[in-house]
>>> print(open('entry_7.csv').read())   # CSV, C-alpha atoms and all ligand atoms
chain,number,residue,atom,x,y,z
A,1,MET,CA,24.2,-36.5,-14.5
A,2,THR,CA,27.0,-36.7,-17.0
A,3,VAL,CA,29.5,-33.9,-16.7
A,4,THR,CA,31.1,-33.3,-20.0
A,5,ALA,CA,34.6,-32.0,-20.3
A,6,GLY,CA,34.7,-28.2,-20.6
A,7,THR,CA,31.6,-27.6,-18.4
A,8,THR,CA,33.3,-24.6,-16.8
A,9,PRO,CA,31.7,-21.3,-15.8
A,10,ASN,CA,33.1,-19.9,-19.1
A,11,SER,CA,31.4,-22.4,-21.3
A,12,ALA,CA,28.2,-21.9,-19.3
A,13,ALA,CA,28.3,-18.3,-20.3
A,14,ALA,CA,29.0,-19.4,-23.9
A,15,PHE,CA,26.0,-21.8,-23.7
A,16,GLU,CA,23.8,-18.9,-22.5
A,17,GLN,CA,25.0,-16.8,-25.4
A,18,HIS,CA,24.5,-19.4,-28.2
A,19,THR,CA,21.3,-21.1,-27.0
A,20,PRO,CA,18.1,-19.7,-28.4
A,21,ARG,CA,16.0,-18.1,-25.6
A,22,VAL,CA,12.4,-19.1,-25.0
A,23,VAL,CA,10.0,-16.3,-25.9
A,24,LEU,CA,8.7,-14.5,-22.9
A,25,ARG,CA,6.3,-11.5,-22.9
A,26,ALA,CA,8.5,-8.5,-23.6
A,27,GLU,CA,6.7,-6.2,-21.2
A,28,ILE,CA,7.3,-8.8,-18.4
A,29,GLU,CA,11.0,-9.1,-19.2
A,30,ARG,CA,11.3,-5.3,-18.9
A,31,LEU,CA,9.4,-5.4,-15.5
A,32,VAL,CA,11.5,-5.0,-12.4
A,33,ALA,CA,10.4,-7.3,-9.6
A,34,TYR,CA,8.7,-5.7,-6.6
A,35,ARG,CA,11.4,-4.0,-4.5
A,36,GLN,CA,11.0,-4.3,-0.7
A,37,GLY,CA,12.2,-1.7,1.7
A,38,THR,CA,15.9,-2.1,2.3
A,39,ALA,CA,16.9,-4.4,5.1
A,40,ALA,CA,18.1,-2.2,8.0
A,41,PRO,CA,21.6,-2.5,9.5
A,42,ASP,CA,21.3,-3.9,13.0
A,43,ASP,CA,21.6,-0.6,14.7
A,44,ALA,CA,19.2,1.3,12.4
A,45,PHE,CA,15.4,1.7,12.5
A,46,LYS,CA,13.7,0.2,9.4
A,47,LEU,CA,11.2,2.9,8.5
A,48,SER,CA,11.0,2.0,4.8
A,49,SER,CA,8.0,-0.4,4.6
A,50,ASN,CA,5.3,1.3,6.7
A,51,GLU,CA,5.3,-1.6,9.1
A,52,ASN,CA,3.8,-1.5,12.6
A,53,PRO,CA,6.6,-1.3,15.2
A,54,TYR,CA,4.5,-3.1,17.9
A,55,PRO,CA,5.1,-6.9,18.2
A,56,PRO,CA,1.9,-9.1,18.1
A,57,ILE,CA,-0.3,-9.1,21.2
A,58,PRO,CA,-0.5,-12.5,23.0
A,59,ALA,CA,-3.9,-13.4,21.6
A,60,ILE,CA,-2.5,-13.2,18.1
A,61,VAL,CA,0.6,-15.2,19.0
A,62,ALA,CA,-1.7,-17.9,20.5
A,63,ALA,CA,-3.9,-17.9,17.4
A,64,ILE,CA,-1.0,-18.5,15.2
A,65,ALA,CA,0.3,-21.3,17.5
A,66,SER,CA,-3.0,-23.1,17.5
A,67,SER,CA,-3.2,-23.4,13.7
A,68,SER,CA,-2.4,-26.8,12.2
A,69,VAL,CA,-0.1,-26.9,9.2
A,70,ASN,CA,-0.7,-30.4,8.0
A,71,ARG,CA,-4.1,-29.4,6.8
A,72,TYR,CA,-5.1,-27.0,4.1
A,73,PRO,CA,-6.7,-23.8,5.3
A,74,ASP,CA,-10.4,-23.2,4.9
A,75,GLY,CA,-10.4,-21.9,1.4
A,76,SER,CA,-13.7,-20.0,1.9
A,77,ALA,CA,-12.2,-18.3,5.1
A,78,HIS,CA,-15.7,-18.5,6.4
A,79,ALA,CA,-15.2,-17.5,10.0
A,80,ILE,CA,-13.2,-14.3,9.4
A,81,ARG,CA,-15.3,-13.3,6.4
A,82,ASN,CA,-18.4,-13.7,8.6
A,83,LEU,CA,-16.9,-11.4,11.3
A,84,LEU,CA,-15.9,-8.8,8.7
A,85,ALA,CA,-19.3,-8.9,7.1
A,86,GLU,CA,-21.0,-8.3,10.5
A,87,ARG,CA,-18.6,-5.5,11.1
A,88,HIS,CA,-19.4,-3.7,7.9
A,89,GLY,CA,-23.1,-4.6,7.8
A,90,VAL,CA,-22.9,-6.6,4.5
A,91,THR,CA,-23.6,-10.2,3.5
A,92,ILE,CA,-20.6,-12.6,3.6
A,93,ALA,CA,-20.7,-12.9,-0.2
A,94,ARG,CA,-19.7,-9.2,-0.4
A,95,VAL,CA,-16.5,-9.8,1.5
A,96,HIS,CA,-13.4,-11.3,-0.2
A,97,VAL,CA,-10.1,-12.0,1.5
A,98,GLY,CA,-6.6,-12.3,0.1
A,99,ALA,CA,-3.0,-13.0,1.0
A,100,GLY,CA,-2.5,-9.2,1.5
A,101,SER,CA,-4.7,-6.6,-0.1
A,102,VAL,CA,-2.1,-6.5,-2.9
A,103,ALA,CA,-3.2,-10.0,-3.9
A,104,ILE,CA,-6.8,-8.8,-4.2
A,105,LEU,CA,-5.6,-5.8,-6.2
A,106,ALA,CA,-3.9,-8.1,-8.7
A,107,GLN,CA,-7.1,-10.2,-8.9
A,108,LEU,CA,-9.4,-7.3,-9.5
A,109,ILE,CA,-7.1,-5.9,-12.2
A,110,GLN,CA,-6.9,-9.2,-13.9
A,111,ALA,CA,-10.6,-9.7,-13.6
A,112,ALA,CA,-11.4,-6.3,-15.2
A,113,ALA,CA,-8.6,-5.4,-17.5
A,114,ALA,CA,-7.2,-7.4,-20.5
A,115,PRO,CA,-4.7,-6.3,-23.2
A,116,GLY,CA,-6.0,-3.1,-24.8
A,117,ASP,CA,-7.8,-2.1,-21.7
A,118,GLU,CA,-6.8,0.8,-19.5
A,119,VAL,CA,-6.3,1.2,-15.8
A,120,ILE,CA,-6.1,4.8,-14.4
A,121,TYR,CA,-4.2,5.6,-11.2
A,122,ALA,CA,-2.6,8.6,-9.6
A,123,TRP,CA,1.2,8.9,-9.7
A,124,ARG,CA,3.0,8.9,-7.5
A,125,SER,CA,1.0,6.3,-5.6
A,126,PHE,CA,1.5,2.8,-4.4
A,127,GLU,CA,4.6,1.3,-6.1
A,128,ALA,CA,2.8,-2.0,-6.9
A,129,TYR,CA,0.1,-0.5,-9.1
A,130,PRO,CA,2.0,-0.1,-12.4
A,131,GLY,CA,3.5,-3.6,-12.3
A,132,LEU,CA,0.2,-5.3,-11.5
A,133,VAL,CA,-1.4,-3.6,-14.5
A,134,THR,CA,1.5,-4.7,-16.8
A,135,VAL,CA,1.2,-8.3,-15.5
A,136,ALA,CA,-2.5,-8.2,-16.5
A,137,GLY,CA,-1.4,-7.2,-19.9
A,138,ALA,CA,-3.4,-4.0,-19.6
A,139,THR,CA,-2.2,-0.4,-20.1
A,140,GLY,CA,-1.6,1.8,-17.1
A,141,ILE,CA,-2.6,5.5,-17.3
A,142,PRO,CA,-0.8,7.3,-14.6
A,143,VAL,CA,-2.2,10.7,-13.7
A,144,ALA,CA,0.2,13.2,-12.0
A,145,LEU,CA,-0.7,14.3,-8.5
A,146,GLN,CA,-1.5,17.9,-7.9
A,147,PRO,CA,1.3,20.2,-6.6
A,148,ASP,CA,-0.1,19.7,-3.0
A,149,CYS,CA,0.4,15.9,-3.5
A,150,THR,CA,-3.3,15.1,-3.6
A,151,HIS,CA,-5.0,13.0,-6.3
A,152,ASP,CA,-6.0,15.1,-9.3
A,153,LEU,CA,-9.4,13.6,-9.6
A,154,ASP,CA,-10.5,16.1,-12.3
A,155,ALA,CA,-7.6,14.9,-14.5
A,156,MET,CA,-8.3,11.3,-13.7
A,157,ALA,CA,-11.9,11.7,-14.7
A,158,ALA,CA,-10.8,13.4,-17.9
A,159,SER,CA,-8.6,10.4,-18.7
A,160,ILE,CA,-11.5,8.0,-18.9
A,161,THR,CA,-11.9,6.5,-22.3
A,162,ALA,CA,-14.0,3.7,-23.9
A,163,GLN,CA,-11.0,1.4,-22.9
A,164,THR,CA,-11.0,2.3,-19.2
A,165,ARG,CA,-11.9,-0.7,-17.1
A,166,LEU,CA,-10.7,0.2,-13.6
A,167,ILE,CA,-9.6,3.3,-11.6
A,168,LEU,CA,-7.5,3.0,-8.5
A,169,VAL,CA,-8.0,5.7,-5.9
A,170,CYS,CA,-5.6,5.5,-2.9
A,171,SER,CA,-6.6,7.4,0.3
A,172,PRO,CA,-4.5,8.1,2.2
A,173,ASN,CA,-2.1,8.0,-0.7
A,174,ASN,CA,1.1,6.0,-0.4
A,175,PRO,CA,3.6,7.7,-0.4
A,176,THR,CA,2.3,11.3,0.1
A,177,GLY,CA,0.0,10.6,3.0
A,178,THR,CA,-2.8,12.8,1.5
A,179,ILE,CA,-6.4,12.0,1.6
A,180,VAL,CA,-9.3,12.3,-0.9
A,181,THR,CA,-12.1,14.3,0.6
A,182,VAL,CA,-15.7,13.0,0.7
A,183,GLU,CA,-16.7,16.0,-1.5
A,184,ASN,CA,-14.1,15.4,-4.1
A,185,PHE,CA,-14.8,11.7,-4.3
A,186,ALA,CA,-18.5,12.4,-4.8
A,187,ALA,CA,-17.8,14.9,-7.6
A,188,PHE,CA,-15.4,12.3,-9.2
A,189,MET,CA,-17.8,9.4,-9.0
A,190,VAL,CA,-20.5,11.4,-10.9
A,191,ARG,CA,-18.0,11.5,-13.8
A,192,VAL,CA,-17.2,7.8,-13.8
A,193,PRO,CA,-19.4,5.6,-15.9
A,194,PRO,CA,-21.2,2.9,-13.9
A,195,THR,CA,-19.6,0.3,-16.1
A,196,VAL,CA,-16.1,1.2,-14.8
A,197,LEU,CA,-14.8,-0.4,-11.6
A,198,VAL,CA,-13.5,2.0,-9.0
A,199,VAL,CA,-11.2,0.5,-6.3
A,200,LEU,CA,-10.7,2.6,-3.2
A,201,ASP,CA,-7.5,1.5,-1.6
A,202,GLU,CA,-7.8,2.2,2.1
A,203,ALA,CA,-4.6,0.5,3.4
A,204,TYR,CA,-4.1,3.3,5.9
A,205,VAL,CA,-7.6,4.4,6.8
A,206,GLU,CA,-7.3,3.5,10.5
A,207,PHE,CA,-4.7,6.3,10.8
A,208,VAL,CA,-6.9,9.0,9.3
A,209,ARG,CA,-7.9,11.8,11.6
A,210,ASP,CA,-9.1,14.3,9.0
A,211,PRO,CA,-13.0,14.4,9.2
A,212,GLU,CA,-13.2,15.5,5.6
A,213,SER,CA,-11.7,12.2,4.4
A,214,VAL,CA,-13.7,9.8,2.2
A,215,ARG,CA,-14.7,6.6,4.0
A,216,GLY,CA,-15.4,3.9,1.4
A,217,MET,CA,-17.5,1.5,3.5
A,218,GLU,CA,-20.2,4.2,3.9
A,219,LEU,CA,-20.5,4.6,0.1
A,220,LEU,CA,-20.9,1.0,-1.0
A,221,GLU,CA,-24.7,1.3,-1.3
A,222,LYS,CA,-24.4,4.5,-3.2
A,223,TYR,CA,-22.0,3.3,-5.8
A,224,PRO,CA,-22.6,-0.2,-7.3
A,225,ASN,CA,-19.2,0.0,-9.1
A,226,LEU,CA,-17.1,0.6,-6.0
A,227,VAL,CA,-14.8,-1.9,-4.2
A,228,VAL,CA,-13.1,-0.9,-0.9
A,229,LEU,CA,-9.8,-2.5,-0.1
A,230,ARG,CA,-8.5,-2.9,3.5
A,231,THR,CA,-5.4,-4.6,5.0
A,232,PHE,CA,-4.4,-6.0,8.4
A,233,SER,CA,-0.7,-5.3,7.5
A,234,LYS,CA,-0.4,-1.7,8.7
A,235,ALA,CA,-2.7,-0.7,11.5
A,236,TYR,CA,-3.1,-4.2,12.9
A,237,GLY,CA,0.5,-5.2,12.6
A,238,LEU,CA,0.0,-8.5,10.6
A,239,ALA,CA,2.2,-7.6,7.6
A,240,GLY,CA,4.2,-10.9,7.9
A,241,LEU,CA,1.0,-13.0,7.8
A,242,ARG,CA,-0.4,-11.5,4.6
A,243,PHE,CA,-4.1,-10.7,5.2
A,244,GLY,CA,-6.2,-8.2,3.4
A,245,TYR,CA,-9.9,-7.9,2.3
A,246,ALA,CA,-12.2,-6.3,0.0
A,247,VAL,CA,-15.9,-5.3,0.3
A,248,GLY,CA,-18.0,-4.6,-2.8
A,249,PRO,CA,-20.5,-6.1,-5.2
A,250,GLU,CA,-20.8,-9.9,-5.0
A,251,TYR,CA,-20.4,-10.5,-8.7
A,252,VAL,CA,-17.2,-8.4,-8.9
A,253,LEU,CA,-15.7,-10.2,-5.9
A,254,ASP,CA,-16.8,-13.6,-7.4
A,255,ALA,CA,-14.7,-12.6,-10.4
A,256,ALA,CA,-11.7,-11.8,-8.1
A,257,ARG,CA,-12.3,-15.2,-6.3
A,258,ALA,CA,-12.2,-16.9,-9.7
A,259,VAL,CA,-8.9,-15.4,-10.5
A,260,ALA,CA,-7.4,-16.0,-7.1
A,261,ILE,CA,-4.8,-18.7,-6.5
A,262,PRO,CA,-6.7,-21.2,-4.3
A,263,LEU,CA,-5.9,-21.5,-0.5
A,264,SER,CA,-3.3,-18.8,-0.4
A,265,VAL,CA,-4.8,-17.2,2.7
A,266,ILE,CA,-3.3,-19.5,5.3
A,267,GLU,CA,-5.0,-20.7,8.5
A,268,GLN,CA,-2.6,-18.7,10.7
A,269,ALA,CA,-3.5,-15.5,8.9
A,270,GLN,CA,-7.3,-16.2,9.2
A,271,ARG,CA,-7.0,-17.0,12.9
A,272,ALA,CA,-4.7,-14.1,13.6
A,273,ALA,CA,-7.2,-11.8,11.8
A,274,ILE,CA,-10.0,-13.1,14.0
A,275,ALA,CA,-7.9,-12.5,17.1
A,276,ALA,CA,-7.1,-9.0,15.9
A,277,LEU,CA,-10.8,-8.2,15.5
A,278,GLU,CA,-11.5,-9.6,18.9
A,279,ASN,CA,-8.9,-7.3,20.4
A,280,ILE,CA,-9.5,-4.4,18.1
A,281,ASP,CA,-9.5,-1.8,21.0
A,282,VAL,CA,-5.9,-2.7,22.0
A,283,LEU,CA,-4.8,-2.5,18.4
A,284,LEU,CA,-6.5,0.8,17.8
A,285,GLU,CA,-5.0,2.2,20.9
A,286,ARG,CA,-1.6,1.5,19.4
A,287,VAL,CA,-2.7,3.1,16.2
A,288,GLU,CA,-3.7,6.2,18.2
A,289,ARG,CA,-0.2,6.3,19.7
A,290,LEU,CA,1.4,6.2,16.3
A,291,CYS,CA,-0.9,9.0,15.1
A,292,VAL,CA,0.2,11.2,18.1
A,293,LEU,CA,3.8,10.4,17.2
A,294,ARG,CA,3.1,11.2,13.5
A,295,ASP,CA,1.6,14.5,14.3
A,296,ARG,CA,4.6,15.4,16.5
A,297,VAL,CA,7.0,14.5,13.6
A,298,TYR,CA,4.9,16.6,11.2
A,299,THR,CA,4.9,19.7,13.5
A,300,ALA,CA,8.7,19.4,14.0
A,301,LEU,CA,9.3,19.0,10.3
A,302,ILE,CA,7.3,22.1,9.6
A,303,GLU,CA,9.3,24.0,12.2
A,304,GLN,CA,12.5,22.9,10.4
A,305,GLY,CA,11.1,24.5,7.3
A,306,TRP,CA,9.9,21.5,5.4
A,307,THR,CA,6.8,21.7,3.1
A,308,VAL,CA,5.1,18.4,4.0
A,309,PRO,CA,1.6,17.4,3.1
A,310,LYS,CA,-0.3,16.8,6.4
A,311,PRO,CA,0.2,13.0,6.9
A,312,GLN,CA,-2.9,10.8,7.4
A,313,GLY,CA,-1.1,7.5,7.1
A,314,ASN,CA,1.6,6.0,9.3
A,315,PHE,CA,4.4,7.8,7.3
A,316,VAL,CA,5.6,11.2,6.2
A,317,TRP,CA,6.6,12.3,2.8
A,318,LEU,CA,9.7,14.5,2.1
A,319,ALA,CA,9.8,15.8,-1.4
A,320,THR,CA,13.6,15.8,-1.7
A,321,GLY,CA,13.5,15.6,-5.5
A,322,GLU,CA,16.8,15.1,-7.3
A,323,HIS,CA,18.5,15.0,-3.9
A,324,THR,CA,16.6,12.0,-2.8
A,325,ALA,CA,19.6,9.6,-2.9
A,326,SER,CA,21.8,12.0,-0.9
A,327,ALA,CA,19.1,12.6,1.6
A,328,SER,CA,18.6,8.9,2.0
A,329,GLU,CA,22.3,8.5,2.9
A,330,ILE,CA,22.1,11.2,5.4
A,331,PHE,CA,19.1,9.5,7.1
A,332,LEU,CA,21.0,6.2,7.1
A,333,ARG,CA,23.9,7.9,8.9
A,334,HIS,CA,21.3,8.9,11.5
A,335,GLY,CA,20.2,5.3,11.8
A,336,ILE,CA,17.1,5.7,9.7
A,337,VAL,CA,16.3,3.5,6.7
A,338,ALA,CA,13.9,5.5,4.6
A,339,ARG,CA,12.2,4.5,1.3
A,340,ALA,CA,13.8,6.5,-1.5
A,341,LEU,CA,11.4,6.8,-4.4
A,342,GLY,CA,13.2,7.7,-7.6
A,343,SER,CA,14.0,11.3,-7.8
A,344,ASP,CA,10.7,12.3,-6.2
A,345,GLY,CA,11.3,11.9,-2.5
A,346,LEU,CA,11.6,9.9,0.7
A,347,ARG,CA,8.8,8.1,2.5
A,348,ILE,CA,9.6,7.6,6.2
A,349,SER,CA,7.4,5.4,8.4
A,350,ILE,CA,6.3,6.3,11.9
A,351,GLY,CA,7.8,3.5,13.9
A,352,GLU,CA,9.3,3.1,17.3
A,353,ALA,CA,9.0,6.2,19.6
A,354,GLU,CA,12.8,5.9,20.0
A,355,SER,CA,13.3,6.5,16.3
A,356,VAL,CA,11.8,10.0,16.3
A,357,ASP,CA,14.9,11.9,17.5
A,358,ASN,CA,17.0,10.2,14.9
A,359,LEU,CA,14.4,11.0,12.2
A,360,LEU,CA,14.3,14.6,13.1
A,361,ALA,CA,18.1,14.9,13.4
A,362,GLY,CA,18.4,13.4,9.9
A,363,ALA,CA,15.8,15.7,8.5
A,364,ALA,CA,17.5,18.8,10.1
A,365,GLU,CA,20.8,17.8,8.5
A,366,VAL,CA,19.2,17.3,5.1
A,367,VAL,CA,17.7,20.8,5.4
A,368,ARG,CA,21.0,22.3,6.4
A,369,THR,CA,23.2,20.6,3.8
A,370,LEU,CA,21.1,20.0,0.6
A,371,PRO,CA,19.9,22.7,-1.7
A,372,LEU,CA,16.2,21.6,-1.6
A,373,GLY,CA,14.5,24.7,-3.0
A,374,ARG,CA,10.8,24.4,-2.8
A,375,SER,CA,10.6,21.3,-0.7
A,376,VAL,CA,11.6,23.5,2.2
A,377,ALA,CA,10.4,27.0,2.9
A,378,ALA,CA,13.1,29.6,2.8
A,379,LEU,CA,14.9,29.3,6.1
A,380,ASP,CA,17.2,32.3,5.9
A,401,LIG,C1,0.8,-1.7,2.1
A,401,LIG,C2,-0.2,-1.3,1.1
A,401,LIG,C3,-1.0,-2.3,0.5
A,401,LIG,C4,-1.0,-3.7,0.6
A,401,LIG,O1,-0.7,-4.3,1.8
A,401,LIG,P1,-0.8,-5.9,2.0
A,401,LIG,O2,0.3,-6.1,2.9
A,401,LIG,O3,-0.6,-6.5,0.7
A,401,LIG,O4,-2.2,-6.0,2.5
A,401,LIG,C5,-2.0,-1.9,-0.4
A,401,LIG,N1,-2.1,-0.6,-0.8
A,401,LIG,C6,-1.3,0.3,-0.3
A,401,LIG,C7,-1.5,1.7,-0.7
A,401,LIG,C8,-0.3,0.0,0.6
A,401,LIG,O5,0.5,0.9,1.1
>>> encode(input="entry_7.csv", output="structure tokens")
Amino acid sequence: MTVTAGTTPNSAAAFEQHTPRVVLRAEIERLVAYRQGTAAPDDAFKLSSNENPYPPIPAIVAAIASSSVNRYPDGSAHAIRNLLAERHGVTIARVHVGAGSVAILAQLIQAAAAPGDEVIYAWRSFEAYPGLVTVAGATGIPVALQPDCTHDLDAMAASITAQTRLILVCSPNNPTGTIVTVENFAAFMVRVPPTVLVVLDEAYVEFVRDPESVRGMELLEKYPNLVVLRTFSKAYGLAGLRFGYAVGPEYVLDAARAVAIPLSVIEQAQRAAIAALENIDVLLERVERLCVLRDRVYTALIEQGWTVPKPQGNFVWLATGEHTASASEIFLRHGIVARALGSDGLRISIGEAESVDNLLAGAAEVVRTLPLGRSVAALD
């Protein structure tokens, strides 16, 4: 490479300034790349990404170790899809796997919605939704949650237009932890045209204890426009391996498969997912322990005066509003890294049992020191 005189950092900046830029999609240039939960300082609990605090069981470690990396993975993921199909009582063609369920979300949105088309979702909900819609070139139609933090399914149904191609329903909702009830989901589906795809994102369904909650897998025969999304990242503790799946109509999942980047679900992920299913009881016992911890945290927060929606995922939602940044700093001083979501609130994962005292001490200090108004009931 020839280094010409004057190639200093300054002239590099000048180069940037005077060189015409290639044309990128304006909406993509405006898009902020997905932000991960902040890395925790060594002595803090990272409760910002809804991860499972338990390390992998030996069977999963062994499954990962036995995978060969000089070969490509089985692109059809036949073995794990077969197990999942059996588990849910569907044909293997009705199961699709992805490198995380977020990958499948992206595929479904791309498969259904092009520029000019609309995708409806609740807001606040999963942070990835708006960006995935923008990347597809479609238009996001966010519909505000109700004051009790649940989906406003009436308003979502009322937002359907001739341009609507896909509706995302998240139950339990990330970040509020609220569920959609069976009854409300049924009333909603009556209002959705059968030509519009509904994706029920059940990333946290294993943590649900409310009997009223919608369960997508039971409804697949009833609604031919429904796809149910699941992940092994949260309940089964495989976030780092990236494995999620969808169950729904074969032709819809064929479209998602057509959009997918080939071979992105690696062998380790497929084998680990099989090991997880073979040891599901051990993993669900851990989920149960997290649910017990969650309910303890919820009760303690209510006693502190917080107004918290009853959590059905592995996290709690604190509506700290405009004080979110300050509240986040207080938690950090108590050794808790929380996920601060704009000026709406903090989402805090249920993690190590040892983190609970810190979490509650932080929450108590927030209540004591910040003027939170309606997020906490009057304490004095
Ligand atoms: C975590 C999460 C996902 C995706 O998780 P993956 O790791 O990509 O499987 C999807 N939806 C919601 C609501 C989530 O919180």
>>> residues_near_point(input="entry_7.csv", point="(-10.2, 4.1, 2.4)", cutoff="10 Å", atoms="all atoms listed in the file", output="PyMOL selection string")
chain A and resi 169-173+179-180+199-206+208+213-217+228-230
>>> write_last_selection(input="entry_7.csv", atoms="C-alpha atoms", output="PDB file, in the coordinates of the input")
ATOM      1  CA  VAL A 169      -8.000   5.700  -5.900  1.00  0.00           C
ATOM      2  CA  CYS A 170      -5.600   5.500  -2.900  1.00  0.00           C
ATOM      3  CA  SER A 171      -6.600   7.400   0.300  1.00  0.00           C
ATOM      4  CA  PRO A 172      -4.500   8.100   2.200  1.00  0.00           C
ATOM      5  CA  ASN A 173      -2.100   8.000  -0.700  1.00  0.00           C
ATOM      6  CA  ILE A 179      -6.400  12.000   1.600  1.00  0.00           C
ATOM      7  CA  VAL A 180      -9.300  12.300  -0.900  1.00  0.00           C
ATOM      8  CA  VAL A 199     -11.200   0.500  -6.300  1.00  0.00           C
ATOM      9  CA  LEU A 200     -10.700   2.600  -3.200  1.00  0.00           C
ATOM     10  CA  ASP A 201      -7.500   1.500  -1.600  1.00  0.00           C
ATOM     11  CA  GLU A 202      -7.800   2.200   2.100  1.00  0.00           C
ATOM     12  CA  ALA A 203      -4.600   0.500   3.400  1.00  0.00           C
ATOM     13  CA  TYR A 204      -4.100   3.300   5.900  1.00  0.00           C
ATOM     14  CA  VAL A 205      -7.600   4.400   6.800  1.00  0.00           C
ATOM     15  CA  GLU A 206      -7.300   3.500  10.500  1.00  0.00           C
ATOM     16  CA  VAL A 208      -6.900   9.000   9.300  1.00  0.00           C
ATOM     17  CA  SER A 213     -11.700  12.200   4.400  1.00  0.00           C
ATOM     18  CA  VAL A 214     -13.700   9.800   2.200  1.00  0.00           C
ATOM     19  CA  ARG A 215     -14.700   6.600   4.000  1.00  0.00           C
ATOM     20  CA  GLY A 216     -15.400   3.900   1.400  1.00  0.00           C
ATOM     21  CA  MET A 217     -17.500   1.500   3.500  1.00  0.00           C
ATOM     22  CA  VAL A 228     -13.100  -0.900  -0.900  1.00  0.00           C
ATOM     23  CA  LEU A 229      -9.800  -2.500  -0.100  1.00  0.00           C
ATOM     24  CA  ARG A 230      -8.500  -2.900   3.500  1.00  0.00           C
TER      25      ARG A 230
END
>>> closest_residue(input="entry_7.csv", among="A:Asp295, A:Glu218, A:Glu212, A:Glu51", to="ligand LIG 401 (chain A)", atoms="all atoms listed in the file")
A:Glu51
>>> residues_around(input="entry_7.csv", residues="region 316-320 of chain A", least_positions_apart="4", cutoff="9 Å", atoms="all atoms listed in the file", output="VMD selection string")
chain A and resid 174 to 177 294 297 to 298 306 to 312 324 to 325 327 343 to 350 363 366 370 372 374 to 376
>>> closest_atom_pairs(input="entry_7.csv", of="chain A", to="ligand LIG 401 (chain A)", cutoff="7 Å", atoms="only C-alpha atoms and all ligand atoms", output="CSV")
residue,atom,partner,partner_atom,distance
A:Ala99,CA,A:LIG401,O3,6.9
A:Gly100,CA,A:LIG401,O4,3.4
A:Ser101,CA,A:LIG401,O4,3.7
A:Val102,CA,A:LIG401,O3,3.9
A:Ala103,CA,A:LIG401,O3,6.3
A:Phe126,CA,A:LIG401,C7,4.9
A:Cys170,CA,A:LIG401,C7,6.0
A:Asn173,CA,A:LIG401,C7,6.3
A:Asn174,CA,A:LIG401,C7,5.0
A:Asp201,CA,A:LIG401,N1,5.8
A:Glu202,CA,A:LIG401,C7,6.9
A:Ala203,CA,A:LIG401,C6,5.0
A:Thr231,CA,A:LIG401,O4,4.3
A:Phe232,CA,A:LIG401,O4,6.3
A:Ser233,CA,A:LIG401,O2,4.8
A:Lys234,CA,A:LIG401,C1,6.7
A:Ala239,CA,A:LIG401,O2,5.3
A:Arg242,CA,A:LIG401,O2,5.7
A:Phe243,CA,A:LIG401,O4,5.7
A:Gly244,CA,A:LIG401,O4,4.7
>>> write_last_selection(input="entry_7.csv", atoms="C-alpha atoms", output="PDB file, keeping the file's coordinate frame")
ATOM      1  CA  ALA A  99      -3.000 -13.000   1.000  1.00  0.00           C
ATOM      2  CA  GLY A 100      -2.500  -9.200   1.500  1.00  0.00           C
ATOM      3  CA  SER A 101      -4.700  -6.600  -0.100  1.00  0.00           C
ATOM      4  CA  VAL A 102      -2.100  -6.500  -2.900  1.00  0.00           C
ATOM      5  CA  ALA A 103      -3.200 -10.000  -3.900  1.00  0.00           C
ATOM      6  CA  PHE A 126       1.500   2.800  -4.400  1.00  0.00           C
ATOM      7  CA  CYS A 170      -5.600   5.500  -2.900  1.00  0.00           C
ATOM      8  CA  ASN A 173      -2.100   8.000  -0.700  1.00  0.00           C
ATOM      9  CA  ASN A 174       1.100   6.000  -0.400  1.00  0.00           C
ATOM     10  CA  ASP A 201      -7.500   1.500  -1.600  1.00  0.00           C
ATOM     11  CA  GLU A 202      -7.800   2.200   2.100  1.00  0.00           C
ATOM     12  CA  ALA A 203      -4.600   0.500   3.400  1.00  0.00           C
ATOM     13  CA  THR A 231      -5.400  -4.600   5.000  1.00  0.00           C
ATOM     14  CA  PHE A 232      -4.400  -6.000   8.400  1.00  0.00           C
ATOM     15  CA  SER A 233      -0.700  -5.300   7.500  1.00  0.00           C
ATOM     16  CA  LYS A 234      -0.400  -1.700   8.700  1.00  0.00           C
ATOM     17  CA  ALA A 239       2.200  -7.600   7.600  1.00  0.00           C
ATOM     18  CA  ARG A 242      -0.400 -11.500   4.600  1.00  0.00           C
ATOM     19  CA  PHE A 243      -4.100 -10.700   5.200  1.00  0.00           C
ATOM     20  CA  GLY A 244      -6.200  -8.200   3.400  1.00  0.00           C
TER      21      GLY A 244
END
>>> residues_around(input="entry_7.csv", residues="Val259 (chain A)", least_positions_apart="6", cutoff="10 Å", atoms="only C-alpha atoms", output="PyMOL selection string")
chain A and resi 104+106-111+253
>>> atom_distance(input="entry_7.csv", atom1="CA of Gly140 (chain A)", atom2="CA of Val119 (chain A)")
4.9 Å
>>> atom_distance(input="entry_7.csv", atom1="CA of Ala255 (chain A)", atom2="CA of His151 (chain A)")
27.7 Å
>>> atom_distance(input="entry_7.csv", atom1="CA of Asp148 (chain A)", atom2="CA of Asn184 (chain A)")
14.7 Å
>>> closest_residue(input="entry_7.csv", among="A:Thr134, A:Asn70, A:Gln163, A:Thr91", to="Arg25 (chain A)", atoms="only C-alpha atoms")
A:Thr134
>>> residues_around(input="entry_7.csv", residues="Ile60 (chain A)", least_positions_apart="2", cutoff="7 Å", atoms="all atoms listed in the file", output="list in words")
Pro56, Ile57, Pro58, Ala62, Ala63, Ile64, Ala272, Ala275 and Ala276 of chain A
>>> closest_residue(input="entry_7.csv", among="A:Leu47, A:Val95, A:Ala12, A:Leu283", to="Asn358 (chain A)", atoms="all atoms listed in the file")
A:Leu47
